[in-house]
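Source file: my_file-v8.txt; contents: compact mmCIF, C-alpha atoms.
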```txt
# COMPACT_ATOMS: atom_id res chain seq x y z
CA MET A 1 44.26 188.80 67.22
CA ALA A 2 44.37 188.17 63.45
CA ILE A 3 41.99 187.53 60.58
CA LYS A 4 42.94 185.27 57.69
CA GLN A 5 40.91 184.68 54.55
CA LEU A 6 41.15 181.53 52.40
CA VAL A 7 39.79 181.70 48.87
CA GLY A 8 39.62 178.87 46.35
CA PRO A 9 37.47 176.87 43.95
CA SER A 10 35.35 173.85 44.79
CA GLY A 11 37.59 170.89 45.59
CA SER A 12 40.59 173.01 46.60
CA GLY A 13 40.45 171.87 50.23
CA LEU A 14 38.88 174.90 51.93
CA THR A 15 36.63 172.87 54.23
CA LYS A 16 39.36 170.30 54.94
CA TYR A 17 41.73 173.11 55.95
CA LEU A 18 39.19 174.42 58.45
CA THR A 19 38.29 170.95 59.71
CA ASP A 20 41.93 170.03 60.35
CA LEU A 21 42.43 173.26 62.30
CA TYR A 22 39.27 172.64 64.29
CA GLU A 23 40.20 169.07 65.19
CA ASN A 24 43.75 170.01 66.21
CA THR A 25 43.08 173.22 68.14
CA PRO A 26 41.58 172.85 71.65
CA GLY A 27 38.76 175.31 72.24
CA ALA A 28 38.26 176.19 68.59
CA VAL A 29 34.74 176.64 67.17
CA MET A 30 33.67 176.18 63.56
CA LEU A 31 30.73 177.35 61.48
CA THR A 32 30.07 174.91 58.63
CA SER A 33 28.67 175.93 55.25
CA ASN A 34 25.25 174.61 56.35
CA PRO A 35 23.85 177.16 58.84
CA ARG A 36 20.89 174.98 59.79
CA ALA A 37 23.29 172.41 61.23
CA HIS A 38 23.99 174.88 64.06
CA ILE A 39 20.37 175.28 65.12
CA THR A 40 18.72 172.52 67.15
CA TYR A 41 15.12 173.44 66.21
CA LEU A 42 14.21 171.96 69.60
CA ARG A 43 14.00 175.39 71.19
CA THR A 44 10.98 177.69 71.01
CA THR A 45 12.80 180.95 70.29
CA VAL A 46 15.97 182.30 68.72
CA GLU A 47 17.06 183.54 72.15
CA GLU A 48 16.94 179.99 73.50
CA GLU A 49 18.95 178.73 70.51
CA LEU A 50 21.66 181.30 71.23
CA ALA A 51 21.71 180.17 74.86
CA PHE A 52 22.00 176.46 74.05
CA GLY A 53 25.80 176.27 73.69
CA LEU A 54 26.29 178.40 76.78
CA GLU A 55 24.03 176.13 78.81
CA GLN A 56 26.08 173.12 77.71
CA ARG A 57 29.22 174.86 78.97
CA GLY A 58 27.70 175.79 82.33
CA VAL A 59 27.85 179.55 81.79
CA ALA A 60 26.18 181.49 84.63
CA LEU A 61 22.74 182.92 83.87
CA ASP A 62 23.74 186.59 84.24
CA GLU A 63 26.72 186.18 81.91
CA MET A 64 24.54 184.21 79.51
CA ARG A 65 22.09 187.11 79.29
CA GLN A 66 24.93 189.58 78.74
CA ARG A 67 26.41 187.51 75.91
CA ILE A 68 23.03 187.08 74.22
CA GLU A 69 22.40 190.81 74.42
CA ARG A 70 25.87 191.54 73.03
CA ILE A 71 25.73 189.10 70.11
CA ALA A 72 22.13 190.01 69.27
CA GLY A 73 23.15 193.65 69.02
CA ALA A 74 26.24 192.90 66.96
CA LEU A 75 24.38 190.74 64.40
CA ASP A 76 21.09 192.71 64.41
CA LEU A 77 19.12 189.87 65.98
CA GLN A 78 17.23 191.88 68.63
CA ASP A 79 13.94 191.80 66.72
CA LEU A 80 14.29 188.05 66.14
CA LEU A 81 14.92 186.87 69.70
CA ASP A 82 11.28 185.93 70.29
CA ARG A 83 10.82 184.38 66.84
CA ALA A 84 10.62 180.63 66.32
CA PRO A 85 13.84 179.36 64.65
CA ASN A 86 11.88 177.53 61.93
CA GLN A 87 10.17 180.77 60.86
CA LEU A 88 13.26 182.69 59.78
CA SER A 89 14.39 183.63 56.30
CA GLY A 90 17.56 182.09 54.88
CA GLY A 91 19.67 185.15 55.67
CA GLN A 92 18.23 185.43 59.17
CA THR A 93 19.02 181.75 59.77
CA ARG A 94 22.61 182.39 58.71
CA ARG A 95 22.94 185.27 61.18
CA VAL A 96 21.49 183.18 64.01
CA ALA A 97 23.88 180.32 63.16
CA LEU A 98 26.77 182.78 63.29
CA GLY A 99 25.48 183.94 66.66
CA THR A 100 25.45 180.40 68.09
CA VAL A 101 29.15 180.09 67.22
CA LEU A 102 30.45 183.58 68.03
CA ILE A 103 28.66 183.71 71.40
CA LEU A 104 30.99 180.98 72.72
CA ASP A 105 33.94 183.45 72.87
CA ALA A 106 36.42 180.87 71.58
CA PRO A 107 40.11 181.72 71.00
CA LEU A 108 39.96 180.46 67.38
CA VAL A 109 36.91 181.00 65.15
CA LEU A 110 36.69 179.07 61.86
CA LEU A 111 33.99 180.14 59.38
CA ASP A 112 33.11 178.24 56.20
CA ASP A 113 31.52 180.63 53.66
CA PRO A 114 29.88 182.85 56.31
CA PHE A 115 29.05 185.74 53.95
CA ALA A 116 27.05 183.60 51.50
CA GLY A 117 23.40 184.63 51.31
CA LEU A 118 23.82 187.78 53.41
CA ASP A 119 22.59 191.14 52.14
CA PRO A 120 25.16 193.99 51.84
CA ALA A 121 24.29 195.52 55.21
CA SER A 122 24.65 192.14 56.95
CA ARG A 123 27.98 191.48 55.21
CA GLN A 124 29.38 194.79 56.45
CA GLN A 125 27.98 194.08 59.90
CA LEU A 126 29.64 190.65 60.04
CA ALA A 127 32.97 192.05 58.87
CA ASP A 128 32.84 194.64 61.68
CA VAL A 129 32.04 191.91 64.22
CA LEU A 130 34.96 189.75 63.05
CA HIS A 131 37.41 192.66 63.25
CA ASN A 132 36.33 193.36 66.83
CA LEU A 133 36.54 189.76 68.06
CA ASP A 134 39.08 188.92 70.73
CA ALA A 135 40.04 185.80 68.78
CA ASP A 136 41.94 184.57 65.77
CA VAL A 137 39.60 184.17 62.81
CA VAL A 138 39.92 182.10 59.63
CA VAL A 139 37.29 182.67 56.92
CA ALA A 140 37.04 180.36 53.90
CA GLY A 141 34.97 180.76 50.75
CA HIS A 142 34.83 180.90 46.97
CA HIS A 143 34.70 184.70 46.96
CA ALA A 144 36.99 187.15 48.76
CA TRP A 145 34.17 188.95 50.57
CA LEU A 146 36.47 190.39 53.23
CA SER A 147 38.73 191.90 50.57
CA ASP A 148 35.74 193.81 49.18
CA ILE A 149 35.38 195.45 52.60
CA ASP A 150 39.03 195.52 53.75
CA PRO A 151 41.56 195.30 50.87
CA ASP A 152 44.42 194.80 53.35
CA VAL A 153 43.07 191.60 54.92
CA ASN A 154 45.50 188.66 54.92
CA THR A 155 44.35 186.44 52.02
CA GLU A 156 45.64 183.03 50.91
CA LEU A 157 44.58 181.46 47.62
CA LEU A 158 44.10 177.70 47.45
CA GLY A 159 44.02 176.03 44.05
CA GLU A 160 43.67 177.70 40.68
CA GLU A 161 40.41 179.53 40.01
CA ALA A 162 38.76 179.31 36.60
CA LEU A 163 38.25 182.38 34.43
CA LEU A 164 34.79 183.88 34.28
CA GLN A 165 33.26 183.05 30.89
CA LEU A 166 29.79 184.44 30.27
CA PRO A 167 27.32 183.52 27.49
CA GLU A 168 26.66 185.67 24.45
CA LYS A 169 23.83 188.16 24.69
CA VAL A 170 20.40 186.56 24.53
CA PRO A 171 18.17 188.02 21.77
CA SER A 172 15.18 189.93 23.10
CA SER A 173 11.87 188.02 23.27
CA HIS A 174 9.74 191.10 23.89
CA HIS A 175 6.79 191.44 21.53
CA GLY A 176 4.54 194.43 22.30
CA ASP A 177 1.78 193.82 24.82
CA ASP A 178 2.82 190.17 25.10
CA SER A 179 6.23 191.12 26.54
CA TYR A 180 5.36 190.23 30.12
CA LEU A 181 3.77 187.52 32.21
CA HIS A 182 1.51 189.24 34.74
CA PHE A 183 0.82 187.86 38.22
CA PRO A 184 -1.41 190.28 40.13
CA ASP A 185 -2.10 190.35 43.87
CA LEU A 186 0.29 187.66 45.05
CA VAL A 187 0.08 186.95 48.78
CA GLY A 188 2.65 184.79 50.57
CA CYS A 189 2.49 183.52 54.15
CA GLN A 190 5.00 181.84 56.43
CA GLY A 191 4.66 180.60 59.99
CA ALA A 192 1.85 179.88 62.44
CA GLY A 193 1.64 176.33 61.11
CA LYS A 194 1.44 173.07 63.03
CA ARG A 195 4.11 172.46 65.66
CA ARG A 196 6.49 169.57 65.24
CA TRP A 197 5.95 166.56 67.49
CA TRP A 198 9.00 167.41 69.60
CA GLN A 199 7.90 171.00 70.31
CA PHE A 200 6.04 170.35 73.54
CA ARG A 201 5.83 173.96 74.63
CA LYS A 202 3.20 176.14 73.03
CA SER A 203 4.94 178.26 70.43
CA GLN A 204 4.16 181.90 69.77
CA ALA A 205 1.98 182.48 66.74
CA ASN A 206 4.71 184.14 64.65
CA ARG A 207 3.35 184.75 61.21
CA PHE A 208 4.98 186.54 58.28
CA GLU A 209 2.87 187.71 55.38
CA ILE A 210 3.82 189.56 52.23
CA GLY A 211 1.45 191.07 49.73
CA PRO A 212 -0.61 191.66 47.87
CA VAL A 213 2.26 192.16 45.40
CA SER A 214 1.82 192.25 41.62
CA LEU A 215 4.72 191.03 39.48
CA SER A 216 5.30 191.53 35.77
CA ILE A 217 7.94 189.09 34.55
CA PRO A 218 9.65 189.86 31.23
CA ARG A 219 9.48 187.08 28.67
CA GLY A 220 12.99 186.00 27.79
CA GLY A 221 14.32 188.19 30.59
CA VAL A 222 15.09 188.34 34.29
CA LEU A 223 13.19 189.91 37.18
CA TRP A 224 15.43 190.53 40.18
CA LEU A 225 13.61 190.52 43.52
CA ARG A 226 15.80 192.82 45.55
CA GLY A 227 15.48 193.25 49.29
CA ALA A 228 17.16 192.70 52.63
CA ASN A 229 17.25 189.37 54.45
CA GLY A 230 13.73 188.76 55.73
CA ALA A 231 12.01 191.02 53.17
CA GLY A 232 9.90 188.10 51.88
CA LYS A 233 11.61 187.15 48.62
CA SER A 234 11.47 183.39 49.25
CA THR A 235 7.89 183.58 50.53
CA LEU A 236 6.82 185.52 47.44
CA MET A 237 8.50 183.00 45.15
CA LYS A 238 6.61 180.15 46.78
CA ALA A 239 3.35 182.08 46.32
CA LEU A 240 4.25 182.51 42.65
CA VAL A 241 4.87 178.78 42.21
CA GLU A 242 1.54 177.97 43.84
CA ARG A 243 -0.19 180.31 41.36
CA ASP A 244 1.05 178.64 38.17
CA LYS A 245 2.24 175.09 37.44
CA ARG A 246 4.46 176.36 34.61
CA ILE A 247 6.84 177.80 37.20
CA GLY A 248 9.79 175.91 38.65
CA LEU A 249 11.55 176.74 41.92
CA MET A 250 15.16 176.41 43.02
CA LEU A 251 15.08 176.58 46.83
CA GLN A 252 17.82 178.36 48.76
CA ASP A 253 19.25 175.09 50.05
CA PRO A 254 19.51 172.51 47.24
CA ILE A 255 19.53 169.63 49.73
CA ASP A 256 15.86 170.41 50.39
CA GLN A 257 15.05 169.21 46.87
CA VAL A 258 16.89 165.90 47.10
CA ILE A 259 14.38 163.05 47.14
CA ASP A 260 16.26 160.54 44.96
CA SER A 261 19.15 158.23 45.79
CA ARG A 262 20.99 158.64 42.48
CA VAL A 263 21.86 161.63 40.33
CA ASP A 264 20.36 160.05 37.21
CA GLN A 265 17.03 159.80 39.07
CA MET A 266 17.25 163.42 40.19
CA VAL A 267 18.31 164.55 36.71
CA PRO A 268 16.83 162.08 34.18
CA ASP A 269 17.98 164.11 31.17
CA ALA A 270 21.34 162.65 30.05
CA GLN A 271 22.22 165.78 28.08
CA LEU A 272 21.88 167.96 31.16
CA ARG A 273 23.96 165.53 33.25
CA SER A 274 26.69 165.73 30.63
CA GLN A 275 26.44 169.52 30.37
CA PHE A 276 26.96 169.94 34.11
CA ASP A 277 29.47 167.09 34.49
CA LEU A 278 27.28 165.09 36.88
CA ASN A 279 28.08 161.49 37.79
CA SER A 280 24.91 159.44 37.20
CA GLU A 281 25.62 156.87 39.92
CA GLU A 282 26.45 159.23 42.79
CA HIS A 283 24.04 159.96 45.59
CA PRO A 284 23.07 163.67 45.39
CA GLU A 285 24.02 164.20 49.03
CA ASP A 286 27.56 163.07 48.22
CA LEU A 287 28.03 165.78 45.58
CA SER A 288 30.17 168.86 46.10
CA GLN A 289 28.38 172.16 46.76
CA ARG A 290 28.90 173.14 43.14
CA ALA A 291 27.67 169.86 41.68
CA LEU A 292 24.63 169.72 43.97
CA ARG A 293 23.59 173.27 43.02
CA LEU A 294 23.91 172.44 39.32
CA ALA A 295 22.03 169.17 39.78
CA GLN A 296 19.27 171.12 41.51
CA PHE A 297 19.07 173.53 38.57
CA ALA A 298 19.00 170.67 36.06
CA SER A 299 16.29 168.85 38.00
CA VAL A 300 14.06 171.93 38.04
CA ILE A 301 14.70 173.15 34.50
CA GLY A 302 14.79 169.74 32.78
CA PRO A 303 11.94 168.84 30.43
CA VAL A 304 8.95 166.90 31.80
CA ASN A 305 7.02 165.14 29.05
CA GLY A 306 8.89 167.31 26.57
CA GLN A 307 7.85 170.56 28.27
CA TYR A 308 10.20 173.02 29.96
CA VAL A 309 9.15 175.37 32.75
CA ALA A 310 8.05 178.79 31.52
CA VAL A 311 9.47 180.65 34.53
CA LEU A 312 12.39 179.65 36.73
CA CYS A 313 12.37 181.04 40.26
CA ALA A 314 15.96 180.88 41.50
CA ASP A 315 16.41 181.66 45.21
CA GLU A 316 20.05 182.64 45.82
CA PRO A 317 21.39 180.19 43.20
CA ASP A 318 24.89 181.69 43.44
CA VAL A 319 25.46 180.41 46.99
CA GLY A 320 28.00 177.57 47.03
CA LEU A 321 29.24 178.19 43.49
CA ASP A 322 32.83 178.91 42.53
CA ILE A 323 33.69 180.59 39.21
CA ALA A 324 33.51 177.35 37.23
CA GLY A 325 30.10 176.64 38.71
CA ARG A 326 28.89 180.16 37.94
CA ASN A 327 30.02 179.72 34.33
CA MET A 328 27.91 176.58 33.99
CA LEU A 329 24.89 178.08 35.72
CA HIS A 330 25.03 181.15 33.48
CA GLU A 331 25.07 178.86 30.43
CA GLY A 332 22.00 177.11 31.83
CA PHE A 333 20.25 180.43 32.45
CA ALA A 334 21.04 181.62 28.93
CA SER A 335 19.72 178.41 27.36
CA HIS A 336 16.47 178.80 29.29
CA LEU A 337 16.12 182.42 28.15
CA HIS A 338 16.92 181.45 24.53
CA ARG A 339 13.88 179.14 24.65
CA GLY A 340 11.75 182.15 25.57
CA GLY A 341 11.69 181.29 29.26
CA SER A 342 11.88 183.81 32.08
CA ILE A 343 13.77 183.95 35.38
CA VAL A 344 12.77 185.40 38.74
CA LEU A 345 15.96 185.81 40.74
CA ALA A 346 16.63 186.47 44.42
CA CYS A 347 20.28 187.25 45.04
CA HIS A 348 22.41 189.44 47.33
CA ASP A 349 25.59 189.26 45.25
CA GLU A 350 25.60 192.33 43.02
CA ASN A 351 28.51 190.86 41.03
CA PHE A 352 26.36 187.87 40.06
CA ILE A 353 23.55 190.19 38.96
CA GLU A 354 25.96 192.17 36.78
CA GLU A 355 27.15 188.92 35.23
CA VAL A 356 23.55 188.05 34.33
CA ARG A 357 22.98 191.58 33.05
CA SER A 358 25.85 191.15 30.58
CA TYR A 359 23.82 188.63 28.54
CA ALA A 360 20.18 189.21 29.50
CA PRO A 361 17.85 192.12 30.32
CA VAL A 362 17.37 192.46 34.07
CA GLU A 363 14.50 194.37 35.65
CA VAL A 364 14.28 195.06 39.38
CA HIS A 365 11.38 194.74 41.81
CA TYR A 366 12.20 196.11 45.26
CA LEU A 367 10.84 194.50 48.42
CA GLY A 368 11.11 196.30 51.75
CA ARG A 369 13.98 198.68 52.36
CA THR A 370 16.64 199.25 49.71
CA PHE A 371 20.39 199.50 50.20
```

For the file at hand, write its structure as structure tokens.
Amino acid sequence: MAIKQLVGPSGSGLTKYLTDLYENTPGAVMLTSNPRAHITYLRTTVEEELAFGLEQRGVALDEMRQRIERIAGALDLQDLLDRAPNQLSGGQTRRVALGTVLILDAPLVLLDDPFAGLDPASRQQLADVLHNLDADVVVAGHHAWLSDIDPDVNTELLGEEALLQLPEKVPSSHHGDDSYLHFPDLVGCQGAGKRRWWQFRKSQANRFEIGPVSLSIPRGGVLWLRGANGAGKSTLMKALVERDKRIGLMLQDPIDQVIDSRVDQMVPDAQLRSQFDLNSEEHPEDLSQRALRLAQFASVIGPVNGQYVAVLCADEPDVGLDIAGRNMLHEGFASHLHRGGSIVLACHDENFIEEVRSYAPVEVHYLGRTF
């Protein structure tokens, strides 16, 4: 069985390549770039979500249990099996989505950007799983993640990638005792909320809490929240936003911040639309991954009544961006820092952090275990 990796920029046809293979290959399975699309959210636990596809295929109960045990061990899901699917972190959701696809034991496995949003340990884990599959595997993405782990993997380039162009160094905004914004004793909570109307069974009272955590955010600089999937980075960011109205938040999935039917409603500032090459008349949900991520950034960072946010919380903003998109996002970050703003960043791509470090000071706050 063979592994093939497709790498290319946004618009190069990566998803279409996978979709054509999926539609023309009997028995093939495909993971899309949206992991939540593979979870029904009608089931009470992660274990039941993993079983769903097997139930639809009439797999015997004993074999079903064996497959769940095997895939849970391979993707480090054992501790999540009793958790409610809507109470997982972004990275945990991605691993569960992978599990729902890989558990089907298909002869051809197609994966659209499967490494995005995974911490280093999870990326290595997934690469090991793919190499041990009794199936042909095609992985597509903007970054050659498999090459970082296995330089000899068969790789095909689609389209012509842009060159990385980073902003000039941002002048320091530190001024003595006023160099930091201090947020003491932050406490974030997730889970144990109201059940959805379709969840008839009584759910377990899964509750995740982080804190108290005190953060000192450098003015004109970047604070990197570093931790494994599930360490509480997103939860802590939301607690930070609730503490101060001067803080803006880019959620992990930009579609969660789409409430308008046109781009010019989502991003009222014409200068920002021009800067990020956004079509005013398009519906945000019709944008490419790159354009939607940049529209999300512009909608959060754009001035409201002439005022910009003081702190930008960016939760995995690199996901879905090719090199051209990264260039534009870095320019946006640098402009925000030039105005004296600050950034709190959650990101698992060390390359992206080094890119930011080339033009801005980056401090690190560790959450949970380190790598």

Can you pull out the residues contacting A:Gly99? Cut-off 12 Å, using only C-alpha atoms, and skip same-chain residues under 5 positions away; I want them as JSON, numbers by chain. {"A": [29, 30, 31, 35, 38, 39, 46, 47, 48, 49, 50, 51, 52, 53, 54, 67, 68, 69, 70, 71, 72, 73, 74, 75, 76, 77, 78, 80, 81, 92, 93, 94, 104, 105, 109, 111, 114, 126, 129, 130]}

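Taking atom CA of A:Gly58 and atom CA of A:Asn24 as endpoints, the distance between them is 23.5 Å.
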
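Distance-wise, atom CA of A:Leu249 and atom CA of A:His336 end up 13.7 Å apart.
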
Surrounding residues of A:Pro171 excluding itself and chain neighbours under 5 positions, 10 Å, all atoms listed in the file, as a list in words: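 Result of the neighbour search: Gly220, Gly221, Leu337, His338, Gly340, Tyr359, Ala360 and Pro361 of chain A.
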
Writing out the chosen residues with C-alpha atoms as a PDB file, keeping the file's coordinate frame:
```pdb
ATOM      1  CA  GLY A 220      12.990 186.000  27.790  1.00  0.00           C
ATOM      2  CA  GLY A 221      14.320 188.190  30.590  1.00  0.00           C
ATOM      3  CA  LEU A 337      16.120 182.420  28.150  1.00  0.00           C
ATOM      4  CA  HIS A 338      16.920 181.450  24.530  1.00  0.00           C
ATOM      5  CA  GLY A 340      11.750 182.150  25.570  1.00  0.00           C
ATOM      6  CA  TYR A 359      23.820 188.630  28.540  1.00  0.00           C
ATOM      7  CA  ALA A 360      20.180 189.210  29.500  1.00  0.00           C
ATOM      8  CA  PRO A 361      17.850 192.120  30.320  1.00  0.00           C
TER       9      PRO A 361
END
```

Just the residues within 9 Å of A:Pro317, please, counting only C-alpha atoms, with nothing from its chain fewer than 5 positions along; format it as a list of chain:residue names.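 Contacts, with the query itself left out: A:Met250, A:Leu251, A:Gln252, A:Asp253, A:Pro254, A:Arg293, A:Phe297, A:Leu329, A:Leu345, A:Ala346, A:Cys347.
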
To one decimal place, how far is atom CA of A:Met266 from atom CA of A:Gly341 in Å?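 Atom-to-atom, atom CA of A:Met266 to atom CA of A:Gly341, that is 21.7 Å.
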
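Nearest residue to A:Glu350 among A:Glu156, A:Gly227, A:Leu312, A:Asn34 is A:Gly227, counting only C-alpha atoms.
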
With a distance cut-off of 9 Å and only C-alpha atoms, select the neighbouring residues of A:Ile323, excluding the residue or stretch itself and same-chain residues fewer than 4 positions from it, and output the selection as a PDB file with C-alpha atoms, in the frame of the given file.
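Saved to around_37.pdb:
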```
ATOM      1  CA  PRO A   9      37.470 176.870  43.950  1.00  0.00           C
ATOM      2  CA  SER A  10      35.350 173.850  44.790  1.00  0.00           C
ATOM      3  CA  HIS A 142      34.830 180.900  46.970  1.00  0.00           C
ATOM      4  CA  HIS A 143      34.700 184.700  46.960  1.00  0.00           C
ATOM      5  CA  GLU A 161      40.410 179.530  40.010  1.00  0.00           C
ATOM      6  CA  ALA A 162      38.760 179.310  36.600  1.00  0.00           C
ATOM      7  CA  LEU A 163      38.250 182.380  34.430  1.00  0.00           C
ATOM      8  CA  LEU A 164      34.790 183.880  34.280  1.00  0.00           C
ATOM      9  CA  GLN A 165      33.260 183.050  30.890  1.00  0.00           C
ATOM     10  CA  ASN A 327      30.020 179.720  34.330  1.00  0.00           C
ATOM     11  CA  MET A 328      27.910 176.580  33.990  1.00  0.00           C
TER      12      MET A 328
END
```

Selection: 8 Å around A:His283, only C-alpha atoms, excl. self and same-chain fewer than 4 positions, as a list of chain:residue names: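 Selected residues are A:Asp260, A:Ser261, A:Arg262, A:Val263, A:Leu287.
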
Of A:Arg83, A:Arg57, A:Lys169, A:Lys4, the one nearest to A:Asp150 when counting all atoms listed in the file is A:Lys4

For A:Val267, which residue out of A:Leu98, A:Val300, A:Ala2, A:Leu166 is the nearest one, using all atoms listed in the file?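 Under the stated criterion, the closest residue is A:Val300.
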
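Nearest-residue note for A:Pro212: choosing from A:Leu367, A:Val304, A:Asp134, A:Lys245, the minimum distance belongs to A:Leu367, counting all atoms listed in the file.
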
Which of A:Ser122, A:Ser89, A:Asn279, A:Asn132 sits closest to A:Asp264 [using all atoms listed in the file]: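 Using all atoms listed in the file, the shortest distance to A:Asp264 belongs to A:Asn279.
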